[in-house]
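File shown: structure-v5.tsv (TSV, C-alpha atoms).
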chain	number	residue	atom	x	y	z
Q	398	MET	CA	67.18	-52.43	-30.59
Q	399	LYS	CA	63.98	-50.46	-30.31
Q	400	PHE	CA	60.63	-51.96	-29.21
Q	401	TYR	CA	57.57	-50.47	-30.98
Q	402	VAL	CA	54.10	-50.58	-29.43
Q	403	SER	CA	50.76	-50.48	-31.26
Q	404	GLN	CA	50.01	-46.95	-29.96
Q	405	GLY	CA	53.02	-45.65	-31.90
Q	406	ARG	CA	55.11	-44.92	-28.81
Q	407	THR	CA	58.83	-45.83	-28.84
Q	408	ALA	CA	60.13	-47.67	-25.83
Q	409	THR	CA	63.54	-47.04	-24.37
Q	410	THR	CA	66.55	-48.86	-25.84
Q	411	MET	CA	66.83	-52.27	-24.30
Q	412	GLY	CA	70.03	-54.16	-23.50
Q	413	PRO	CA	71.23	-57.35	-25.13
Q	414	LYS	CA	68.58	-59.81	-26.09
Q	415	ARG	CA	67.74	-62.42	-23.53
Q	416	GLN	CA	64.96	-64.90	-23.09
Q	417	LYS	CA	62.35	-63.63	-20.64
Q	418	THR	CA	61.35	-65.92	-17.89
Q	419	THR	CA	57.82	-67.19	-17.48
Q	420	ASP	CA	57.11	-64.83	-14.60
Q	421	GLU	CA	58.41	-61.85	-16.57
Q	422	ASN	CA	56.20	-62.64	-19.56
Q	423	HIS	CA	53.21	-63.07	-17.29
Q	424	ALA	CA	54.02	-59.74	-15.60
Q	425	VAL	CA	54.18	-57.90	-18.93
Q	426	LEU	CA	50.91	-59.42	-20.15
Q	427	CYS	CA	49.14	-58.41	-16.95
Q	428	GLY	CA	50.65	-54.93	-16.91
Q	429	ILE	CA	52.74	-55.50	-13.77
Q	430	PRO	CA	56.08	-53.67	-13.36
Q	431	GLU	CA	59.04	-56.06	-13.52
Q	432	ASP	CA	60.82	-54.66	-10.51
Q	433	SER	CA	58.75	-52.72	-8.04
Q	434	SER	CA	61.76	-51.42	-6.19
Q	435	SER	CA	63.36	-50.17	-9.41
Q	436	THR	CA	60.12	-48.54	-10.43
Q	437	HIS	CA	59.88	-46.79	-7.10
Q	438	GLN	CA	63.48	-45.52	-7.29
Q	439	HIS	CA	63.17	-44.10	-10.80
Q	440	ALA	CA	59.56	-42.89	-10.58
Q	441	ALA	CA	60.64	-39.28	-11.05
Q	442	HIS	CA	62.50	-40.07	-14.27
Q	443	THR	CA	60.54	-42.95	-15.77
Q	444	PRO	CA	57.09	-42.51	-17.36
Q	445	ALA	CA	54.22	-44.56	-15.96
Q	446	PRO	CA	54.29	-48.18	-17.17
Q	447	LEU	CA	52.11	-48.81	-20.20
Q	448	ARG	CA	49.16	-51.17	-19.98
Q	449	LEU	CA	49.91	-53.40	-22.97
Q	450	SER	CA	47.28	-55.65	-24.44
Q	451	HIS	CA	48.06	-59.17	-25.61
Q	452	THR	CA	47.52	-58.06	-29.23
Q	453	SER	CA	49.88	-55.08	-29.04
Q	454	ILE	CA	52.66	-57.12	-27.40
Q	455	THR	CA	52.35	-59.90	-29.96
Q	456	LYS	CA	52.52	-57.32	-32.76
Q	457	GLY	CA	55.62	-55.72	-31.21
Q	458	TYR	CA	57.37	-59.05	-31.05
Q	459	GLN	CA	56.52	-59.78	-34.68
Q	460	GLU	CA	57.69	-56.41	-35.97
Q	461	ASN	CA	61.05	-56.64	-34.20
Q	462	SER	CA	61.74	-60.32	-34.91
Q	463	THR	CA	61.65	-61.21	-31.24
Q	464	PRO	CA	62.43	-64.89	-30.69
Q	465	GLN	CA	59.37	-67.13	-30.53
Q	466	LEU	CA	58.01	-68.02	-27.10
Q	467	THR	CA	58.60	-71.48	-25.74
Q	468	VAL	CA	55.68	-73.89	-25.30
Q	469	GLU	CA	55.52	-73.16	-21.60
Q	470	GLN	CA	55.62	-69.40	-22.20
Q	471	THR	CA	52.90	-69.70	-24.82
Q	472	GLU	CA	50.70	-71.55	-22.34
Q	473	HIS	CA	51.19	-68.77	-19.80
Q	474	SER	CA	50.37	-66.19	-22.45
Q	475	CYS	CA	47.14	-67.97	-23.34
Q	476	ALA	CA	46.33	-68.33	-19.68
Q	477	ALA	CA	46.74	-64.56	-19.22
Q	478	SER	CA	44.46	-63.90	-22.22
Q	479	THR	CA	41.86	-66.25	-20.80
Q	480	LEU	CA	42.16	-64.50	-17.45
Q	481	ARG	CA	41.37	-61.16	-19.12
Q	482	GLU	CA	38.24	-62.63	-20.73
Q	483	ARG	CA	37.13	-64.10	-17.42
Q	484	LEU	CA	37.57	-60.77	-15.68
Q	485	GLN	CA	35.53	-59.00	-18.35
Q	486	THR	CA	32.77	-61.59	-18.16
Q	487	THR	CA	32.75	-61.67	-14.36
Q	488	ALA	CA	32.33	-57.89	-14.19
Q	489	GLN	CA	29.04	-58.24	-16.11
Q	490	THR	CA	27.55	-61.00	-13.95
Q	491	GLU	CA	25.46	-60.72	-10.78
Q	492	GLN	CA	28.61	-61.12	-8.63
Q	493	PRO	CA	30.88	-58.23	-9.55
Q	494	HIS	CA	32.91	-58.62	-6.37
Q	495	ALA	CA	34.25	-61.95	-7.70
Q	496	ALA	CA	36.38	-60.06	-10.20
Q	497	PHE	CA	38.47	-58.55	-7.42
Q	498	SER	CA	39.65	-61.96	-6.27
Q	499	LEU	CA	40.96	-62.80	-9.78
Q	500	ILE	CA	42.87	-59.62	-10.57
Q	501	PRO	CA	46.64	-60.00	-10.03
Q	502	LYS	CA	47.82	-57.82	-7.22
Q	503	PRO	CA	49.76	-54.89	-8.66
Q	504	GLN	CA	52.09	-52.73	-6.65
Q	505	THR	CA	49.90	-49.99	-5.15
Q	506	THR	CA	50.23	-47.17	-2.70
Q	507	ALA	CA	48.85	-47.42	0.82
Q	508	GLU	CA	45.99	-45.07	-0.09
Q	509	GLU	CA	45.01	-47.17	-3.11
Q	510	ARG	CA	45.11	-50.35	-1.02
Q	511	GLU	CA	42.78	-48.78	1.54
Q	512	GLN	CA	40.32	-47.77	-1.20
Q	513	LEU	CA	40.37	-51.26	-2.74
Q	514	HIS	CA	39.88	-52.81	0.68
Q	515	ALA	CA	36.88	-50.55	1.36
Q	516	VAL	CA	35.28	-51.46	-1.98
Q	517	SER	CA	35.87	-55.15	-1.34
Q	518	LEU	CA	34.26	-54.94	2.09
Q	519	PHE	CA	31.25	-53.07	0.68
Q	520	LEU	CA	30.66	-55.61	-2.07
Q	521	SER	CA	31.18	-58.61	0.17
Q	522	SER	CA	28.64	-57.22	2.66
Q	523	LYS	CA	25.83	-57.54	0.05
Q	524	PRO	CA	24.96	-61.22	-0.28
Q	525	GLN	CA	23.63	-62.23	-3.68
Q	526	THR	CA	20.04	-63.44	-3.99
Q	527	THR	CA	19.48	-66.67	-5.86
Q	528	ALA	CA	16.60	-67.24	-8.28
Q	529	GLU	CA	15.01	-69.61	-5.77
Q	530	GLN	CA	15.17	-66.98	-3.02
Q	531	ILE	CA	13.60	-64.39	-5.33
Q	532	GLU	CA	10.67	-66.70	-6.03
Q	533	GLN	CA	10.14	-67.15	-2.29
Q	534	LEU	CA	9.99	-63.42	-1.61
Q	535	PRO	CA	6.45	-62.24	-0.63
Q	536	THR	CA	4.50	-60.27	-3.19
Q	537	ALA	CA	3.03	-56.79	-2.58
Q	538	ASP	CA	-0.33	-58.39	-1.75
Q	539	GLN	CA	1.30	-60.73	0.81
Q	540	THR	CA	3.32	-58.12	2.65
Q	541	GLU	CA	1.78	-56.17	5.47
Q	542	GLN	CA	1.09	-52.66	4.27
Q	543	PRO	CA	1.41	-49.66	6.59
Q	544	PRO	CA	-1.89	-48.16	7.75
Q	545	LEU	CA	-3.32	-45.48	5.52
Q	546	SER	CA	-3.09	-41.92	6.65
Q	547	LEU	CA	-6.30	-40.18	7.58
Q	548	SER	CA	-6.39	-38.16	4.39
Q	549	ALA	CA	-5.87	-41.27	2.25
Q	550	THR	CA	-8.65	-43.09	4.11
Q	551	GLN	CA	-11.02	-40.18	3.66
Q	552	THR	CA	-10.27	-39.92	-0.04
Q	553	SER	CA	-10.78	-43.66	-0.38
Q	554	ILE	CA	-14.25	-43.44	1.21
Q	555	ALA	CA	-15.32	-40.63	-1.11
Q	556	THR	CA	-14.02	-42.54	-4.13
Q	557	GLN	CA	-15.78	-45.74	-3.09
Q	558	TYR	CA	-18.99	-43.80	-2.57
Q	559	LEU	CA	-18.78	-42.41	-6.09
Q	560	ASP	CA	-18.10	-45.90	-7.43
Q	561	ILE	CA	-21.26	-47.21	-5.74
Q	562	GLU	CA	-23.29	-44.44	-7.31
Q	563	ARG	CA	-21.90	-44.92	-10.78
Q	564	ARG	CA	-22.48	-48.67	-10.68
Q	565	LEU	CA	-26.04	-48.05	-9.57
Q	566	CYS	CA	-26.64	-45.48	-12.32
Q	567	GLY	CA	-25.23	-47.85	-14.92
Q	568	LYS	CA	-27.76	-50.50	-13.90
Q	569	LEU	CA	-30.73	-48.13	-13.59
Q	570	VAL	CA	-30.35	-46.44	-16.97
Q	571	SER	CA	-30.56	-49.85	-18.66
Q	572	LEU	CA	-33.91	-50.72	-17.07
Q	573	PRO	CA	-37.24	-50.22	-18.89
Q	574	TYR	CA	-39.67	-47.79	-17.26
Q	575	GLY	CA	-42.75	-48.20	-19.36
Q	576	GLU	CA	-44.43	-45.95	-21.90
Q	577	ALA	CA	-45.27	-43.29	-19.34
Q	578	VAL	CA	-41.60	-42.36	-18.86
Q	579	GLN	CA	-40.21	-40.64	-21.95
Q	580	TYR	CA	-37.16	-38.94	-20.43
Q	581	VAL	CA	-34.61	-40.31	-17.97
Q	582	TYR	CA	-32.20	-37.80	-16.43
Q	583	ASN	CA	-28.96	-38.93	-14.79
Q	584	PRO	CA	-27.39	-35.95	-12.93
Q	585	VAL	CA	-24.50	-38.09	-11.67
Q	586	ASP	CA	-23.49	-38.31	-15.32
Q	587	TYR	CA	-24.13	-34.90	-16.90
Q	588	ALA	CA	-23.45	-32.94	-13.68
Q	589	TRP	CA	-20.53	-35.17	-12.71
Q	590	GLU	CA	-18.04	-32.38	-12.07
Q	591	ILE	CA	-20.28	-30.64	-9.54
Q	592	HIS	CA	-21.46	-33.87	-7.96
Q	593	ARG	CA	-17.91	-35.17	-7.59
Q	594	ASP	CA	-16.81	-31.87	-6.06
Q	595	PHE	CA	-19.63	-32.11	-3.51
Q	596	VAL	CA	-18.74	-35.70	-2.55
Q	597	LEU	CA	-15.00	-35.11	-2.30
Q	598	LYS	CA	-15.52	-32.06	-0.11
Q	599	PHE	CA	-18.12	-33.40	2.29
Q	600	CYS	CA	-18.06	-37.21	2.22
Q	601	GLN	CA	-14.83	-37.28	4.19
Q	602	GLY	CA	-14.68	-40.18	6.61
Q	603	ARG	CA	-17.45	-42.05	8.35
Q	604	LYS	CA	-20.79	-40.49	9.27
Q	605	LYS	CA	-23.23	-40.97	12.12
Q	606	VAL	CA	-26.37	-39.94	10.24
Q	607	LEU	CA	-27.42	-40.45	6.62
Q	608	LEU	CA	-30.10	-38.01	5.47
Q	609	LEU	CA	-31.88	-39.91	2.69
Q	610	GLY	CA	-33.91	-38.23	-0.05
Q	611	MET	CA	-36.10	-40.03	-2.55
Q	612	ASN	CA	-34.72	-38.91	-5.94
Q	613	PRO	CA	-33.65	-35.68	-7.70
Q	614	GLY	CA	-36.00	-32.91	-8.75
Q	615	PRO	CA	-35.64	-31.10	-12.09
Q	616	TRP	CA	-34.62	-27.78	-10.50
Q	617	GLY	CA	-32.54	-29.10	-7.62
Q	618	MET	CA	-30.15	-32.02	-8.02
Q	619	GLY	CA	-31.34	-32.19	-11.61
Q	620	GLN	CA	-29.33	-29.00	-12.16
Q	621	THR	CA	-26.53	-29.09	-9.60
Q	622	GLY	CA	-25.83	-32.77	-8.95
Q	623	VAL	CA	-26.30	-32.10	-5.21
Q	624	PRO	CA	-29.20	-33.74	-3.28
Q	625	PHE	CA	-31.92	-31.14	-2.63
Q	626	GLY	CA	-29.48	-28.99	-4.61
Q	627	HIS	CA	-30.88	-25.49	-4.51
Q	628	VAL	CA	-28.65	-23.52	-6.90
Q	629	GLY	CA	-28.08	-20.58	-4.54
Q	630	TYR	CA	-27.07	-22.73	-1.57
Q	631	ALA	CA	-24.94	-24.99	-3.76
Q	632	LYS	CA	-22.89	-22.09	-5.09
Q	633	GLU	CA	-22.80	-19.66	-2.17
Q	634	TRP	CA	-22.93	-21.86	0.93
Q	635	LEU	CA	-21.51	-25.21	-0.17
Q	636	GLY	CA	-19.12	-23.59	-2.63
Q	637	VAL	CA	-19.29	-26.40	-5.18
Q	638	THR	CA	-18.05	-25.75	-8.70
Q	639	GLY	CA	-18.01	-27.51	-12.06
Q	640	ARG	CA	-19.53	-27.63	-15.50
Q	641	VAL	CA	-22.51	-29.58	-16.73
Q	642	THR	CA	-23.19	-31.25	-20.05
Q	643	ARG	CA	-26.54	-32.04	-21.64
Q	644	PRO	CA	-28.56	-35.16	-20.76
Q	645	ALA	CA	-28.74	-37.89	-23.37
Q	646	GLN	CA	-32.39	-36.93	-23.89
Q	647	GLU	CA	-33.42	-33.48	-22.73
Q	648	HIS	CA	-36.98	-32.26	-22.54
Q	649	PRO	CA	-37.26	-28.78	-24.08
Q	650	LYS	CA	-39.18	-27.61	-20.98
Q	651	ARG	CA	-36.56	-28.96	-18.58
Q	652	PRO	CA	-33.21	-27.68	-19.89
Q	653	VAL	CA	-30.08	-28.27	-17.82
Q	654	THR	CA	-27.95	-25.17	-17.22
Q	655	GLY	CA	-26.25	-26.23	-14.00
Q	656	LEU	CA	-25.17	-23.55	-11.56
Q	657	GLU	CA	-26.41	-20.90	-13.98
Q	658	CYS	CA	-30.00	-22.05	-13.58
Q	659	GLY	CA	-32.27	-19.14	-12.61
Q	660	ARG	CA	-35.05	-21.26	-11.10
Q	661	SER	CA	-35.08	-22.59	-7.56
Q	662	GLU	CA	-36.62	-25.65	-5.98
Q	663	VAL	CA	-38.81	-25.09	-2.93
Q	664	SER	CA	-37.85	-28.41	-1.34
Q	665	GLY	CA	-34.16	-27.56	-1.63
Q	666	GLU	CA	-34.63	-24.04	-0.32
Q	667	ARG	CA	-36.44	-25.31	2.77
Q	668	MET	CA	-34.01	-28.16	3.44
Q	669	TRP	CA	-30.76	-26.24	3.00
Q	670	GLY	CA	-32.18	-23.23	4.82
Q	671	LEU	CA	-32.80	-25.38	7.90
Q	672	LEU	CA	-29.44	-27.15	7.67
Q	673	LYS	CA	-27.61	-23.84	7.47
Q	674	GLU	CA	-29.57	-22.48	10.42
Q	675	LEU	CA	-28.76	-25.49	12.59
Q	676	SER	CA	-25.09	-25.94	11.74
Q	677	GLY	CA	-23.85	-22.51	10.71
Q	678	THR	CA	-21.19	-23.87	8.31
Q	679	PRO	CA	-20.90	-26.83	5.93
Q	680	ASP	CA	-17.91	-28.15	7.88
Q	681	VAL	CA	-19.99	-28.42	11.04
Q	682	LEU	CA	-22.92	-29.99	9.20
Q	683	PHE	CA	-20.90	-32.66	7.43
Q	684	THR	CA	-18.86	-33.65	10.45
Q	685	HIS	CA	-21.45	-36.33	11.27
Q	686	ILE	CA	-24.04	-35.96	8.50
Q	687	PHE	CA	-24.17	-36.84	4.84
Q	688	ILE	CA	-27.00	-36.41	2.34
Q	689	HIS	CA	-27.80	-39.12	-0.15
Q	690	ASN	CA	-30.60	-39.93	-2.59
Q	691	TYR	CA	-32.16	-43.37	-2.65
Q	692	CYS	CA	-32.51	-43.19	-6.43
Q	693	PRO	CA	-30.07	-40.97	-8.40
Q	694	LEU	CA	-32.29	-40.62	-11.50
Q	695	PHE	CA	-35.43	-38.64	-12.21
Q	696	PHE	CA	-38.09	-39.32	-14.79
Q	697	LEU	CA	-40.34	-37.15	-16.96
Q	698	LYS	CA	-43.44	-37.78	-18.99
Q	699	ASP	CA	-43.78	-36.41	-22.47
Q	700	SER	CA	-45.61	-33.45	-20.92
Q	701	ALA	CA	-42.54	-32.75	-18.71
Q	702	LYS	CA	-44.45	-33.85	-15.61
Q	703	ASN	CA	-42.20	-35.43	-12.98
Q	704	VAL	CA	-42.63	-39.16	-12.30
Q	705	THR	CA	-41.43	-40.27	-8.85
Q	706	PRO	CA	-40.28	-43.86	-8.14
Q	707	PRO	CA	-43.45	-44.81	-6.21
Q	708	GLU	CA	-45.48	-43.69	-9.24
Q	709	LEU	CA	-43.83	-46.25	-11.52
Q	710	LYS	CA	-45.70	-49.42	-12.36
Q	711	VAL	CA	-45.07	-52.34	-10.04
Q	712	LYS	CA	-42.82	-54.31	-12.39
Q	713	GLN	CA	-40.59	-51.33	-13.25
Q	714	ARG	CA	-40.56	-50.07	-9.66
Q	715	SER	CA	-39.55	-53.48	-8.27
Q	716	ALA	CA	-36.57	-53.70	-10.60
Q	717	LEU	CA	-35.48	-50.19	-9.63
Q	718	GLU	CA	-35.94	-50.81	-5.91
Q	719	GLU	CA	-33.92	-54.02	-6.00
Q	720	GLU	CA	-30.90	-52.13	-7.30
Q	721	CYS	CA	-31.39	-49.08	-5.09
Q	722	ASP	CA	-31.84	-51.21	-1.95
Q	723	ARG	CA	-28.56	-52.98	-2.62
Q	724	ALA	CA	-26.69	-49.70	-3.18
Q	725	LEU	CA	-28.19	-48.16	-0.03
Q	726	VAL	CA	-26.88	-51.05	2.07
Q	727	GLU	CA	-23.43	-50.58	0.52
Q	728	VAL	CA	-23.46	-46.89	1.46
Q	729	VAL	CA	-24.55	-47.66	5.03
Q	730	HIS	CA	-21.69	-50.13	5.41
Q	731	LEU	CA	-19.14	-47.82	3.78
Q	732	LEU	CA	-19.95	-44.79	5.92
Q	733	GLY	CA	-20.54	-46.73	9.13
Q	734	VAL	CA	-23.94	-45.08	9.50
Q	735	GLN	CA	-25.71	-45.42	12.85
Q	736	CYS	CA	-28.99	-43.81	11.81
Q	737	VAL	CA	-30.76	-43.28	8.49
Q	738	VAL	CA	-33.24	-40.41	8.38
Q	739	GLY	CA	-35.67	-40.96	5.53
Q	740	VAL	CA	-36.95	-37.68	4.10
Q	741	GLY	CA	-40.56	-38.61	3.41
Q	742	LYS	CA	-42.47	-41.87	3.85
Q	743	TYR	CA	-41.18	-43.61	0.74
Q	744	ALA	CA	-37.47	-43.15	1.62
Q	745	THR	CA	-38.15	-44.29	5.19
Q	746	ASP	CA	-40.04	-47.41	4.12
Q	747	ARG	CA	-37.41	-48.43	1.56
Q	748	THR	CA	-34.67	-48.04	4.16
Q	749	LYS	CA	-36.45	-50.39	6.53
Q	750	VAL	CA	-36.90	-52.98	3.80
Q	751	ALA	CA	-33.32	-52.76	2.55
Q	752	LEU	CA	-31.78	-53.06	6.04
Q	753	ARG	CA	-34.08	-55.90	7.05
Q	754	GLN	CA	-33.29	-57.90	3.91
Q	755	ALA	CA	-29.57	-57.34	4.52
Q	756	GLY	CA	-29.91	-58.54	8.11
Q	757	ILE	CA	-28.86	-55.18	9.56
Q	758	GLU	CA	-30.53	-54.60	12.93
Q	759	ASP	CA	-28.25	-52.11	14.68
Q	760	VAL	CA	-29.00	-49.08	12.48
Q	761	GLN	CA	-31.70	-46.70	13.65
Q	762	VAL	CA	-34.31	-45.59	11.09
Q	763	SER	CA	-36.08	-42.27	11.63
Q	764	THR	CA	-38.23	-40.06	9.45
Q	765	LEU	CA	-38.34	-36.40	8.50
Q	766	MET	CA	-41.30	-34.83	6.76
Q	767	HIS	CA	-40.61	-34.13	3.11
Q	768	PRO	CA	-40.39	-30.35	2.50
Q	769	SER	CA	-42.08	-30.51	-0.92
Q	770	PRO	CA	-44.84	-27.93	-1.48
Q	771	VAL	CA	-46.88	-30.80	-2.94
Q	772	ASN	CA	-47.22	-32.00	0.65
Q	773	PRO	CA	-49.92	-29.80	2.28
Q	774	ALA	CA	-48.55	-30.40	5.79
Q	775	ALA	CA	-45.13	-29.11	4.73
Q	776	ASN	CA	-46.70	-25.77	3.83
Q	777	LYS	CA	-47.77	-25.29	7.45
Q	778	GLY	CA	-44.53	-24.70	9.28
Q	779	TRP	CA	-42.22	-27.37	7.91
Q	780	ARG	CA	-39.19	-25.93	9.75
Q	781	ASP	CA	-40.72	-26.34	13.23
Q	782	ILE	CA	-42.00	-29.81	12.38
Q	783	ALA	CA	-38.56	-30.92	11.17
Q	784	ILE	CA	-36.79	-29.62	14.29
Q	785	ARG	CA	-39.30	-31.40	16.51
Q	786	GLN	CA	-38.83	-34.68	14.64
Q	787	LEU	CA	-35.04	-34.48	14.88
Q	788	THR	CA	-35.30	-33.73	18.59
Q	789	GLU	CA	-37.65	-36.67	19.21
Q	790	SER	CA	-35.22	-38.95	17.37
Q	791	SER	CA	-32.34	-37.67	19.57
Q	792	LEU	CA	-30.48	-36.57	16.46
Q	793	LEU	CA	-30.67	-32.78	16.57
Q	794	HIS	CA	-27.28	-32.41	18.27
Q	795	TYR	CA	-25.54	-34.03	15.28
Q	796	PHE	CA	-26.64	-31.10	13.14
Q	797	GLN	CA	-25.35	-28.46	15.55
Q	798	PRO	CA	-21.87	-27.18	16.45
Q	799	HIS	CA	-19.85	-29.22	18.94
Q	800	PRO	CA	-22.33	-32.08	19.41
Q	801	THR	CA	-21.94	-34.62	22.17
Q	802	VAL	CA	-21.10	-37.72	20.16
Q	803	THR	CA	-22.07	-41.11	21.54

So, in terms of structure tokens, how does the structure I just supplied come out?
Amino acid sequence: MKFYVSQGRTATTMGPKRQKTTDENHAVLCGIPEDSSSTHQHAAHTPAPLRLSHTSITKGYQENSTPQLTVEQTEHSCAASTLRERLQTTAQTEQPHAAFSLIPKPQTTAEEREQLHAVSLFLSSKPQTTAEQIEQLPTADQTEQPPLSLSATQTSIATQYLDIERRLCGKLVSLPYGEAVQYVYNPVDYAWEIHRDFVLKFCQGRKKVLLLGMNPGPWGMGQTGVPFGHVGYAKEWLGVTGRVTRPAQEHPKRPVTGLECGRSEVSGERMWGLLKELSGTPDVLFTHIFIHNYCPLFFLKDSAKNVTPPELKVKQRSALEEECDRALVEVVHLLGVQCVVGVGKYATDRTKVALRQAGIEDVQVSTLMHPSPVNPAANKGWRDIAIRQLTESSLLHYFQPHPTVT
């Protein structure tokens, strides 16, 4: 008779009917050749054995009126079907290597046995992790992280510095400043691109000396976002770039045009002129120095007249100073500053107060005459006076190439 399979292929003519043994039925269900030696001898003439599913074999028996299986044979058939389901399920679990121990061992070549052995060794070498073990694993916060590279540390310091400034600005712009102040300018906001470029370029790493200004002027940092930010020096010597937007409230006589501003600030011209003379290049200057403003905002009356922090009324000034003192201490800690040079009396006095209230006693506080033309003494040789003050404070070498660092 002929034995038909579900794929439509005709099997070879079989001999007289006989009842298959239990082992033979199990071998057919599992796709195992009945006689490995016979298979090997006739391999050149016999097609590869078909992998027959339980469904296809059952259908073949039904179509050809094959005698019904005995109870024992039926049990083996069901057991083989269950085995297939277990293998399929096991392959999808967390222990795929378990499936290899359940698969009946077919006749294989030496090369295939070596490959299976290698796979088995690989899988068995990876112990499974239980749910309890996973819960006990340390989190990212608990594990010891590798030290940051120098570049990452430097970037982190610049970013933290900017965060301190923005927090301070957010608090200051919400304070009342009395009827005298009609316009509040925040260069860290509207000149953010330029200011950020300046900080990221030159606030790299810790600094020995913090040069501290009072607050921006309308034609300096008020335009460029750089302390004492003379437009020419900002563009040509510092090389900062970026766009500016308009302040929330802009006085018609104090428009903001950023690096395109045609006016210059005398204080900035004097300060940056001296710094360039002493250091030669920005890289030399900012090796140990950074420039910061005590207050990042500037204020205008309705007449466009500048209002400095010490000119505010006591109540408004005290609220401003409380926030600025706190931010100054944060900057000193962040940069590891050893000396703060207050540009002008007000910046020097506020530094002393802020450090004393914070309990900081190991930071030197020096002063540098403010270069503003409003100061009559500054109009009588400010450059020579500034160099003498830096020399007397034993700080001049920090501003020059190849300083002897202590």

Please measure the separation of CA of Asn583 in chain Q and CA of Leu672 in chain Q, giving the value in Å to one decimal.
25.4 Å

Expected answer as an mmCIF file with C-alpha atoms, in the coordinates of the input: all residues with atoms within 10 Å of (-28.3, -45.7, -9.0), only C-alpha atoms:
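After the write, part-v3.cif holds the following:
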data_model
loop_
_atom_site.group_PDB
_atom_site.id
_atom_site.type_symbol
_atom_site.label_atom_id
_atom_site.label_comp_id
_atom_site.auth_asym_id
_atom_site.auth_seq_id
_atom_site.Cartn_x
_atom_site.Cartn_y
_atom_site.Cartn_z
ATOM 1 C CA ILE Q 561 -21.260 -47.210 -5.740
ATOM 2 C CA GLU Q 562 -23.290 -44.440 -7.310
ATOM 3 C CA ARG Q 563 -21.900 -44.920 -10.780
ATOM 4 C CA ARG Q 564 -22.480 -48.670 -10.680
ATOM 5 C CA LEU Q 565 -26.040 -48.050 -9.570
ATOM 6 C CA CYS Q 566 -26.640 -45.480 -12.320
ATOM 7 C CA GLY Q 567 -25.230 -47.850 -14.920
ATOM 8 C CA LYS Q 568 -27.760 -50.500 -13.900
ATOM 9 C CA LEU Q 569 -30.730 -48.130 -13.590
ATOM 10 C CA VAL Q 570 -30.350 -46.440 -16.970
ATOM 11 C CA ASN Q 583 -28.960 -38.930 -14.790
ATOM 12 C CA VAL Q 585 -24.500 -38.090 -11.670
ATOM 13 C CA ASN Q 612 -34.720 -38.910 -5.940
ATOM 14 C CA ASN Q 690 -30.600 -39.930 -2.590
ATOM 15 C CA TYR Q 691 -32.160 -43.370 -2.650
ATOM 16 C CA CYS Q 692 -32.510 -43.190 -6.430
ATOM 17 C CA PRO Q 693 -30.070 -40.970 -8.400
ATOM 18 C CA LEU Q 694 -32.290 -40.620 -11.500
ATOM 19 C CA LEU Q 717 -35.480 -50.190 -9.630
ATOM 20 C CA GLU Q 718 -35.940 -50.810 -5.910
ATOM 21 C CA GLU Q 720 -30.900 -52.130 -7.300
ATOM 22 C CA CYS Q 721 -31.390 -49.080 -5.090
ATOM 23 C CA ASP Q 722 -31.840 -51.210 -1.950
ATOM 24 C CA ARG Q 723 -28.560 -52.980 -2.620
ATOM 25 C CA ALA Q 724 -26.690 -49.700 -3.180
ATOM 26 C CA LEU Q 725 -28.190 -48.160 -0.030
#

I need the residue nearest Ile757 in chain Q from this list: Q:Ala631, Q:Val623, Q:Val734, Q:Leu559. Use all atoms listed in the file for the distance.
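Of Q:Ala631, Q:Val623, Q:Val734, Q:Leu559, the one nearest Ile757 in chain Q is Q:Val734, counting all atoms listed in the file.
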
In Å, rounded to a single decimal, give me how far CA of Pro573 in chain Q is from CA of Lys702 in chain Q.
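Result for CA of Lys702 in chain Q versus CA of Pro573 in chain Q: 18.2 Å, one decimal.
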
Exercise: Val737 in chain Q partners within 8 Å, only C-alpha atoms, chain neighbours under 3 positions left out, as an MDAnalysis selection string:
chainID Q and resid 606:609 734 748 760:763

Could you build a table of the residues in range 583-697 of chain Q lying no more than 10 Å from range 764-769 of chain Q, giving for each the nearest pair of atoms and their separation in Å rounded to one decimal place, using all atoms listed in the file, ordered by chain and ascending residue number, as CSV?
residue,atom,partner,partner_atom,distance
Q:Leu608,CA,Q:Leu765,CA,8.9
Q:Leu609,CA,Q:Thr764,CA,9.3
Q:Gly610,CA,Q:His767,CA,8.5
Q:Met611,CA,Q:His767,CA,9.3
Q:Phe625,CA,Q:Pro768,CA,9.9
Q:Glu662,CA,Q:Ser769,CA,8.9
Q:Val663,CA,Q:Ser769,CA,6.6
Q:Ser664,CA,Q:Ser769,CA,4.7
Q:Gly665,CA,Q:Pro768,CA,8.0
Q:Glu666,CA,Q:Pro768,CA,9.0
Q:Arg667,CA,Q:Pro768,CA,6.4
Q:Met668,CA,Q:Pro768,CA,6.8

In Å, with one decimal, what is the gap from CA of Trp669 in chain Q to CA of Lys698 in chain Q?
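Result for CA of Trp669 in chain Q versus CA of Lys698 in chain Q: 27.9 Å, one decimal.
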
Gln735 in chain Q: which residues within 12 Å, counting only C-alpha atoms, same-chain residues fewer than 3 positions away excluded, as a PyMOL selection string?
chain Q and resi 603-608+685-687+728-732+738+752+757-763+792+795+802-803

Looking at all atoms listed in the file, which of Q:Val578, Q:Leu793, Q:Val596, Q:Leu572 is the one that sits closest to Ile688 in chain Q?
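Closest to Ile688 in chain Q, using all atoms listed in the file: Q:Val596.
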
Identify, on the basis of all atoms listed in the file, every residue whose closest approach to Glu708 in chain Q does not exceed 12 Å; exclude the query and any residue fewer than 3 positions from it along the same chain; express the result as a PyMOL selection string.
chain Q and resi 574-575+577-578+695-698+702-705+711-715+717+743

Neighbouring residues of range 675-680 of chain Q were defined as those with any atom within 8 Å, considering all atoms listed in the file; residues of the same chain fewer than 5 positions away were excluded. Please report them as number ranges by chain.
Q: 599, 634-635, 796-798
